[in-house]
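Undergrad: To be precise about what I am sending: the file is called query_22.cif and holds mmCIF, C-alpha atoms.
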```cif
data_upload
loop_
_atom_site.label_atom_id
_atom_site.label_comp_id
_atom_site.auth_asym_id
_atom_site.auth_seq_id
_atom_site.Cartn_x
_atom_site.Cartn_y
_atom_site.Cartn_z
CA MET A 9 -78.18 -48.31 -107.67
CA LEU A 10 -76.40 -50.48 -105.11
CA LYS A 11 -73.14 -50.37 -107.10
CA LYS A 12 -73.30 -46.58 -107.22
CA ASP A 13 -73.79 -46.33 -103.45
CA LEU A 14 -70.85 -48.69 -102.88
CA PHE A 15 -68.64 -46.60 -105.17
CA LEU A 16 -69.51 -43.38 -103.33
CA LEU A 17 -68.92 -45.07 -99.96
CA ALA A 18 -65.47 -46.29 -101.07
CA GLY A 19 -64.52 -42.80 -102.27
CA LEU A 20 -65.70 -41.29 -98.99
CA LEU A 21 -63.58 -43.74 -97.00
CA VAL A 22 -60.47 -43.01 -99.07
CA PHE A 23 -60.98 -39.27 -98.69
CA SER A 24 -61.54 -39.61 -94.94
CA CYS A 25 -58.36 -41.69 -94.50
CA SER A 26 -56.35 -39.18 -96.51
CA SER A 27 -57.67 -36.26 -94.46
CA LEU A 28 -56.93 -38.17 -91.25
CA GLU A 29 -53.32 -38.79 -92.32
CA LYS A 30 -52.83 -35.11 -93.16
CA GLY A 31 -54.26 -34.10 -89.81
CA GLN A 32 -51.87 -36.47 -88.04
CA ASP A 33 -48.89 -35.06 -90.00
CA LYS A 34 -49.77 -31.52 -88.99
CA LYS A 35 -50.18 -32.57 -85.36
CA LEU A 36 -46.75 -34.28 -85.32
CA ARG A 37 -45.14 -31.30 -87.05
CA ARG A 38 -46.50 -28.92 -84.38
CA GLN A 39 -45.25 -31.19 -81.61
CA ASN A 40 -41.76 -31.43 -83.06
CA THR A 41 -41.42 -27.75 -83.95
CA LYS A 42 -39.17 -25.78 -81.63
CA ALA A 43 -39.00 -22.01 -81.49
CA GLU A 44 -36.36 -19.88 -79.88
CA TYR A 45 -36.28 -16.21 -79.16
CA ILE A 46 -33.53 -14.13 -80.80
CA ALA A 47 -31.85 -11.95 -78.23
CA ARG A 48 -30.43 -8.58 -79.36
CA ARG A 49 -28.68 -5.82 -77.54
CA SER A 50 -30.59 -2.63 -76.99
CA ASP A 51 -28.19 -0.70 -79.23
CA THR A 52 -28.35 -3.18 -82.09
CA TYR A 53 -29.46 -1.68 -85.39
CA PHE A 54 -29.73 -2.81 -88.97
CA TYR A 55 -27.64 -1.34 -91.74
CA PRO A 56 -29.87 0.66 -94.03
CA LEU A 57 -30.31 -0.67 -97.54
CA TYR A 58 -29.77 1.93 -100.21
CA LEU A 59 -30.89 1.57 -103.77
CA PRO A 60 -27.89 1.67 -106.17
CA PRO A 61 -27.70 4.88 -108.18
CA HIS A 62 -28.82 4.65 -111.75
CA ARG A 63 -25.89 4.46 -114.16
CA LYS A 64 -26.29 5.24 -117.80
CA ARG A 65 -25.14 2.49 -120.11
CA GLU A 66 -21.86 3.18 -121.86
CA LEU A 67 -21.95 3.36 -125.62
CA TYR A 68 -20.44 0.64 -127.73
CA PRO A 69 -17.56 1.73 -130.00
CA TRP A 70 -19.77 1.62 -133.09
CA GLU A 71 -22.37 3.78 -131.32
CA LYS A 72 -19.97 6.62 -130.52
CA GLY A 73 -18.08 6.52 -133.81
CA GLU A 74 -14.81 5.22 -132.37
CA LYS A 75 -12.78 2.54 -134.10
CA GLN A 76 -12.82 -0.83 -132.44
CA ALA A 77 -9.63 -1.73 -130.61
CA LEU A 78 -7.64 -4.60 -132.11
CA PRO A 79 -5.62 -7.07 -130.06
CA LYS A 80 -1.90 -6.39 -129.93
CA ILE A 81 0.17 -8.76 -132.01
CA SER A 82 2.46 -10.82 -129.81
CA ARG A 83 4.79 -13.80 -130.10
CA GLU A 84 1.86 -16.22 -129.92
CA PHE A 85 0.46 -14.87 -133.21
CA PHE A 86 3.47 -16.40 -134.99
CA GLN A 87 2.71 -19.98 -133.95
CA CYS A 88 3.28 -22.68 -136.58
CA LYS A 89 0.32 -23.00 -138.96
CA GLY A 90 0.74 -26.72 -139.59
CA SER A 91 -2.34 -28.92 -139.45
CA SER A 92 -2.83 -32.66 -139.19
CA LEU A 93 -5.89 -32.21 -141.41
CA ASN A 94 -3.62 -31.54 -144.40
CA LEU A 95 -3.36 -34.71 -146.47
CA PRO A 96 0.01 -36.38 -147.10
CA MET A 97 1.52 -35.53 -150.46
CA ALA A 98 4.25 -36.97 -152.65
CA ASP A 99 7.37 -34.90 -153.23
CA SER A 100 8.78 -35.94 -156.60
CA SER A 101 11.50 -33.28 -156.79
CA ASN A 102 14.05 -36.06 -156.43
CA PRO A 103 13.50 -38.44 -159.40
CA GLU A 104 15.49 -41.21 -157.72
CA LYS A 105 13.31 -41.34 -154.65
CA VAL A 106 9.74 -40.10 -154.20
CA VAL A 107 9.20 -38.95 -150.63
CA THR A 108 5.82 -38.73 -148.89
CA LEU A 109 5.56 -35.51 -146.89
CA VAL A 110 3.27 -35.30 -143.85
CA ASP A 111 2.40 -32.05 -142.10
CA CYS A 112 2.83 -31.43 -138.36
CA ASP A 113 -0.19 -31.19 -136.08
CA GLY A 114 0.25 -27.44 -135.52
CA ARG A 115 -0.48 -27.63 -131.78
CA HIS A 116 3.10 -27.29 -130.59
CA LEU A 117 4.41 -24.04 -129.12
CA ILE A 118 7.36 -22.12 -130.53
CA PRO A 119 10.40 -23.90 -129.03
CA PHE A 120 12.51 -22.03 -126.51
CA PRO A 121 15.68 -21.51 -128.62
CA VAL A 122 13.60 -19.79 -131.32
CA ARG A 123 12.71 -16.19 -130.79
CA ILE A 124 10.44 -14.03 -132.90
CA TYR A 125 12.49 -11.01 -133.86
CA PRO A 126 11.00 -7.94 -132.13
CA ILE A 127 11.10 -5.77 -135.25
CA LEU A 128 8.54 -8.04 -136.93
CA ILE A 129 6.13 -7.68 -134.01
CA GLU A 130 6.73 -3.93 -133.89
CA LEU A 131 6.16 -3.42 -137.62
CA LEU A 132 2.94 -5.42 -137.70
CA ASN A 133 1.53 -3.60 -134.68
CA TYR A 134 2.42 -0.29 -136.31
CA VAL A 135 0.60 -1.28 -139.52
CA GLN A 136 -2.41 -2.44 -137.54
CA GLU A 137 -2.50 0.76 -135.50
CA LYS A 138 -2.28 3.01 -138.55
CA THR A 139 -4.83 1.14 -140.66
CA GLN A 140 -7.11 0.11 -137.77
CA LYS A 141 -7.54 -3.12 -139.69
CA ARG A 142 -6.58 -6.61 -138.57
CA VAL A 143 -3.21 -7.91 -139.66
CA VAL A 144 -3.54 -11.59 -140.57
CA ILE A 145 -0.34 -13.62 -140.22
CA THR A 146 -0.54 -16.48 -142.68
CA SER A 147 2.93 -17.87 -141.98
CA GLY A 148 5.07 -16.96 -139.00
CA TYR A 149 7.29 -19.53 -137.34
CA ARG A 150 7.53 -22.87 -139.16
CA CYS A 151 8.75 -26.01 -137.46
CA PRO A 152 11.12 -28.10 -139.64
CA LYS A 153 8.42 -30.66 -140.40
CA HIS A 154 5.88 -28.06 -141.50
CA ASN A 155 8.47 -26.11 -143.49
CA LEU A 156 9.40 -29.27 -145.40
CA TYR A 157 5.73 -29.99 -146.07
CA VAL A 158 5.11 -26.44 -147.31
CA ALA A 159 8.28 -25.80 -149.26
CA GLY A 160 9.34 -29.28 -150.40
CA SER A 161 12.68 -31.03 -150.09
CA LYS A 162 14.45 -28.91 -152.72
CA ALA A 163 13.36 -25.53 -151.36
CA PHE A 164 15.91 -23.07 -150.02
CA PRO A 165 16.25 -22.79 -146.22
CA SER A 166 13.69 -20.40 -144.82
CA LYS A 167 14.02 -17.74 -142.15
CA HIS A 168 10.59 -18.88 -140.97
CA LEU A 169 12.52 -21.63 -139.19
CA ILE A 170 14.26 -19.13 -136.90
CA GLY A 171 11.40 -16.65 -136.39
CA ALA A 172 12.98 -14.05 -138.68
CA GLU A 173 10.33 -14.01 -141.42
CA VAL A 174 6.59 -13.44 -141.58
CA ASP A 175 3.96 -13.60 -144.35
CA PHE A 176 0.84 -11.51 -143.85
CA TYR A 177 -1.93 -9.42 -145.35
CA VAL A 178 -4.16 -6.69 -143.95
CA GLU A 179 -7.93 -6.91 -144.00
CA SER A 180 -9.51 -4.32 -146.36
CA TYR A 181 -6.06 -3.85 -147.93
CA GLU A 182 -5.89 -7.23 -149.65
CA ASP A 183 -5.57 -5.61 -153.08
CA LYS A 184 -3.57 -2.59 -151.89
CA PRO A 185 -0.34 -4.10 -150.52
CA GLU A 186 1.73 -1.16 -151.80
CA LYS A 187 0.04 1.06 -149.22
CA ILE A 188 1.20 -1.30 -146.48
CA VAL A 189 4.74 -1.14 -147.86
CA GLN A 190 4.55 2.65 -147.67
CA LEU A 191 3.49 2.42 -144.02
CA ILE A 192 6.61 0.37 -143.31
CA PHE A 193 8.70 3.12 -144.93
CA ASP A 194 6.93 5.68 -142.73
CA PHE A 195 7.73 3.64 -139.62
CA TYR A 196 11.47 3.97 -140.26
CA LYS A 197 11.14 7.70 -140.93
CA LYS A 198 9.16 8.42 -137.75
CA GLU A 199 10.78 6.07 -135.23
CA LYS A 200 13.27 8.04 -133.11
CA ARG A 201 15.92 5.34 -132.92
CA TYR A 202 16.33 5.50 -136.71
CA PHE A 203 16.43 9.29 -136.89
CA LYS A 204 18.97 10.58 -139.43
CA ASN A 205 20.25 7.06 -140.04
CA LYS A 206 20.10 6.50 -143.78
CA ASP A 207 20.99 2.81 -143.45
CA TYR A 208 17.49 2.29 -142.06
CA GLN A 209 15.48 5.19 -143.46
CA VAL A 210 16.43 4.71 -147.11
CA PHE A 211 15.02 1.68 -148.93
CA PHE A 212 16.52 0.26 -152.11
CA ARG A 213 15.09 -2.05 -154.76
CA PHE A 214 16.64 -5.47 -155.08
CA ASP A 215 17.63 -6.24 -158.68
CA GLY A 216 18.77 -9.85 -158.19
CA LYS A 217 16.94 -13.04 -159.02
CA THR A 218 13.85 -13.75 -156.89
CA ASN A 219 10.64 -15.77 -157.08
CA VAL A 220 8.46 -12.64 -157.37
CA SER A 221 7.75 -10.29 -160.26
CA THR A 222 7.86 -7.14 -158.12
CA ALA A 223 11.37 -6.03 -157.18
CA PRO A 224 11.70 -6.33 -153.37
CA TRP A 225 12.55 -3.42 -151.08
CA TYR A 226 15.25 -3.52 -148.44
CA ASN A 227 17.17 -1.44 -145.93
CA LYS A 228 19.80 -2.54 -143.44
CA GLU A 229 17.29 -4.27 -141.17
CA VAL A 230 14.49 -5.79 -143.28
CA PHE A 231 13.81 -7.24 -146.72
CA ILE A 232 10.24 -6.86 -148.06
CA LYS A 233 8.77 -9.03 -150.80
CA LEU A 234 5.40 -8.59 -152.48
CA PHE A 235 3.80 -11.80 -153.73
CA GLN A 236 1.17 -11.13 -156.35
CA SER A 237 -2.03 -13.18 -156.61
CA GLY A 238 -0.44 -16.03 -158.53
CA GLU A 239 2.93 -16.10 -156.79
CA GLY A 240 4.29 -17.89 -153.73
CA ARG A 241 1.25 -20.02 -153.05
CA ASP A 242 1.69 -22.68 -150.39
CA PHE A 243 -0.39 -24.29 -147.65
CA ASP A 244 0.04 -21.20 -145.48
CA ASN A 245 -1.05 -18.74 -148.19
CA ARG A 246 -3.97 -20.36 -149.93
CA HIS A 247 -5.89 -17.19 -150.73
CA PRO A 248 -6.52 -15.39 -154.05
CA TYR A 249 -4.98 -12.00 -153.25
CA PRO A 250 -1.43 -10.66 -152.79
CA TYR A 251 0.51 -10.88 -149.55
CA LEU A 252 3.69 -9.41 -148.09
CA SER A 253 6.72 -11.11 -146.63
CA ILE A 254 9.18 -9.41 -144.27
CA GLN A 255 12.56 -10.97 -143.56
CA VAL A 256 14.95 -9.71 -140.90
CA ARG A 257 18.39 -8.98 -142.36
CA TYR A 258 20.16 -7.42 -139.39
CA ASP A 259 19.85 -7.91 -135.64
CA ARG A 260 20.24 -4.47 -134.02
CA GLU A 261 20.46 -5.92 -130.50
CA LYS A 262 23.40 -8.21 -131.34
CA ASN A 263 24.86 -5.98 -134.06
CA LYS A 264 25.19 -8.74 -136.59
CA ARG A 265 23.53 -10.09 -139.71
CA VAL A 266 20.72 -12.61 -139.37
CA LEU A 267 21.79 -15.79 -141.13
CA LEU A 268 20.35 -19.26 -141.27
CA PRO A 269 22.30 -21.86 -139.25
#
```
Render the structure in this file as structure tokens.
TA:
Amino acid sequence: MLKKDLFLLAGLLVFSCSSLEKGQDKKLRRQNTKAEYIARRSDTYFYPLYLPPHRKRELYPWEKGEKQALPKISREFFQCKGSSLNLPMADSSNPEKVVTLVDCDGRHLIPFPVRIYPILIELLNYVQEKTQKRVVITSGYRCPKHNLYVAGSKAFPSKHLIGAEVDFYVESYEDKPEKIVQLIFDFYKKEKRYFKNKDYQVFFRFDGKTNVSTAPWYNKEVFIKLFQSGEGRDFDNRHPYPYLSIQVRYDREKNKRVLLP
């Protein structure tokens, strides 16, 4: 019984001390608190607060039946597709000396002397606008190191090196590349600057030797190749469906043929 009374007494003392400390804190806080009156002019008034008007939420494109806008294709879309993740590989095209090819890191920008020919950007944007499907550039500009890695030491010089060639496909048209070729024909028929100019509006079929089974199409300005599913595969075009390649043949701005240096 004595232990219980002592325990209660100790608890009462602790509680009393705690209450005393709190009372002292409040007393000091009141003593140190300072209040000042806020003086206002007699004509002072507060701006009224208005509730913002209710605005109905705008519909998303898929809610109102409109096609979703696609980003415009620009020079940056043609950046080199090299990757340091690609493993080194042996190029045995030269039997006297086997060379180990290493890909670039792919993070470099297109160097200043290289320009992407405007007709390529214009054609791809036209195709994207007409199909309302994304144009996927698999190979645009290639730096010399990446081009060597992709094409090998015995490959012919590529217009990818000078920004005058692009490989691409169109989403939802992967197996219908001929329809994309027809859209390119339509571009030259509808564009005003080519009006009544047969050098640009009329396309011919190339009957020379190529690395594709489908005869390419060409006019004065561009050369179009169709790579079927088993043709033209490289590290930039590792997909199972066909793709298109457009090369620039003639520079309208400089009035001269586009040739490799």
Undergrad: I want to know what sits within 9 Å of segment 223-229 of chain A, based on all atoms listed in the file, with residues of the same chain fewer than 6 positions away left out; could you give that as a list in words?
TA: Ile127, Val189, Lys206, Asp207, Tyr208, Gln209, Val210, Phe211, Phe212, Arg213, Phe214, Asp215, Gly216, Gln255, Val256, Arg257, Tyr258, Asp259, Arg260 and Arg265 of chain A
Undergrad: Taking the file above as input, evaluate the PyMOL selection byres ((chain A and resi 252) around 12) and report the hits as a ChimeraX atom specification.
TA: /A:132,143-148,173-178,181-189,192,220,222,224-225,231-237,239-241,245,249-251,253-255
Undergrad: So how far away is atom CA of Phe195 of chain A from atom CA of Lys89 of chain A, in Å?
TA: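 Atom CA of Phe195 of chain A lies at a distance of 27.7 Å from atom CA of Lys89 of chain A.
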Undergrad: In Å to one decimal, how far is atom CA of Leu267 of chain A from atom CA of Gly160 of chain A?
TA: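 Pair atom CA of Gly160 of chain A / atom CA of Leu267 of chain A returns 20.6 Å.
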Undergrad: Between A:Ala172, A:Cys112, A:Leu95, A:Val122, which residue has the minimum interatomic distance to Leu156 of chain A, considering only C-alpha atoms?
TA: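 Closest to Leu156 of chain A of all the choices is A:Cys112.
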Undergrad: Tell me, in Å to one decimal, how far atom CA of Phe203 of chain A is from atom CA of Leu191 of chain A.
TA: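 Distance reported for this atom pair: 16.3 Å.
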Undergrad: Using the chain letters and numbers from the file, give me the residues hit by the PyMOL selection byres ((chain A and resi 150) around 12), as a short mmCIF file (atom, residue, chain, number, x, y, z; two decimals) with C-alpha atoms, in the frame of the given file.
TA:
```cif
data_model
loop_
_atom_site.label_atom_id
_atom_site.label_comp_id
_atom_site.auth_asym_id
_atom_site.auth_seq_id
_atom_site.Cartn_x
_atom_site.Cartn_y
_atom_site.Cartn_z
CA PHE A 86 3.47 -16.40 -134.99
CA GLN A 87 2.71 -19.98 -133.95
CA CYS A 88 3.28 -22.68 -136.58
CA LYS A 89 0.32 -23.00 -138.96
CA GLY A 90 0.74 -26.72 -139.59
CA SER A 91 -2.34 -28.92 -139.45
CA ASP A 111 2.40 -32.05 -142.10
CA CYS A 112 2.83 -31.43 -138.36
CA ASP A 113 -0.19 -31.19 -136.08
CA GLY A 114 0.25 -27.44 -135.52
CA ARG A 115 -0.48 -27.63 -131.78
CA HIS A 116 3.10 -27.29 -130.59
CA LEU A 117 4.41 -24.04 -129.12
CA ILE A 118 7.36 -22.12 -130.53
CA PRO A 119 10.40 -23.90 -129.03
CA VAL A 122 13.60 -19.79 -131.32
CA ARG A 123 12.71 -16.19 -130.79
CA ILE A 124 10.44 -14.03 -132.90
CA THR A 146 -0.54 -16.48 -142.68
CA SER A 147 2.93 -17.87 -141.98
CA GLY A 148 5.07 -16.96 -139.00
CA TYR A 149 7.29 -19.53 -137.34
CA CYS A 151 8.75 -26.01 -137.46
CA PRO A 152 11.12 -28.10 -139.64
CA LYS A 153 8.42 -30.66 -140.40
CA HIS A 154 5.88 -28.06 -141.50
CA ASN A 155 8.47 -26.11 -143.49
CA LEU A 156 9.40 -29.27 -145.40
CA TYR A 157 5.73 -29.99 -146.07
CA VAL A 158 5.11 -26.44 -147.31
CA ALA A 159 8.28 -25.80 -149.26
CA PRO A 165 16.25 -22.79 -146.22
CA SER A 166 13.69 -20.40 -144.82
CA LYS A 167 14.02 -17.74 -142.15
CA HIS A 168 10.59 -18.88 -140.97
CA LEU A 169 12.52 -21.63 -139.19
CA ILE A 170 14.26 -19.13 -136.90
CA GLY A 171 11.40 -16.65 -136.39
CA ALA A 172 12.98 -14.05 -138.68
CA GLU A 173 10.33 -14.01 -141.42
CA VAL A 174 6.59 -13.44 -141.58
CA ASP A 175 3.96 -13.60 -144.35
CA PHE A 243 -0.39 -24.29 -147.65
CA ASP A 244 0.04 -21.20 -145.48
#
```
Undergrad: Set the distance at 9 Å and use all atoms listed in the file: which residues neighbour Gln136 of chain A once local chain neighbours fewer than 4 positions away are removed? I'd like the list as a ChimeraX atom specification.
TA: /A:78,80-81,131-132,140-143,178
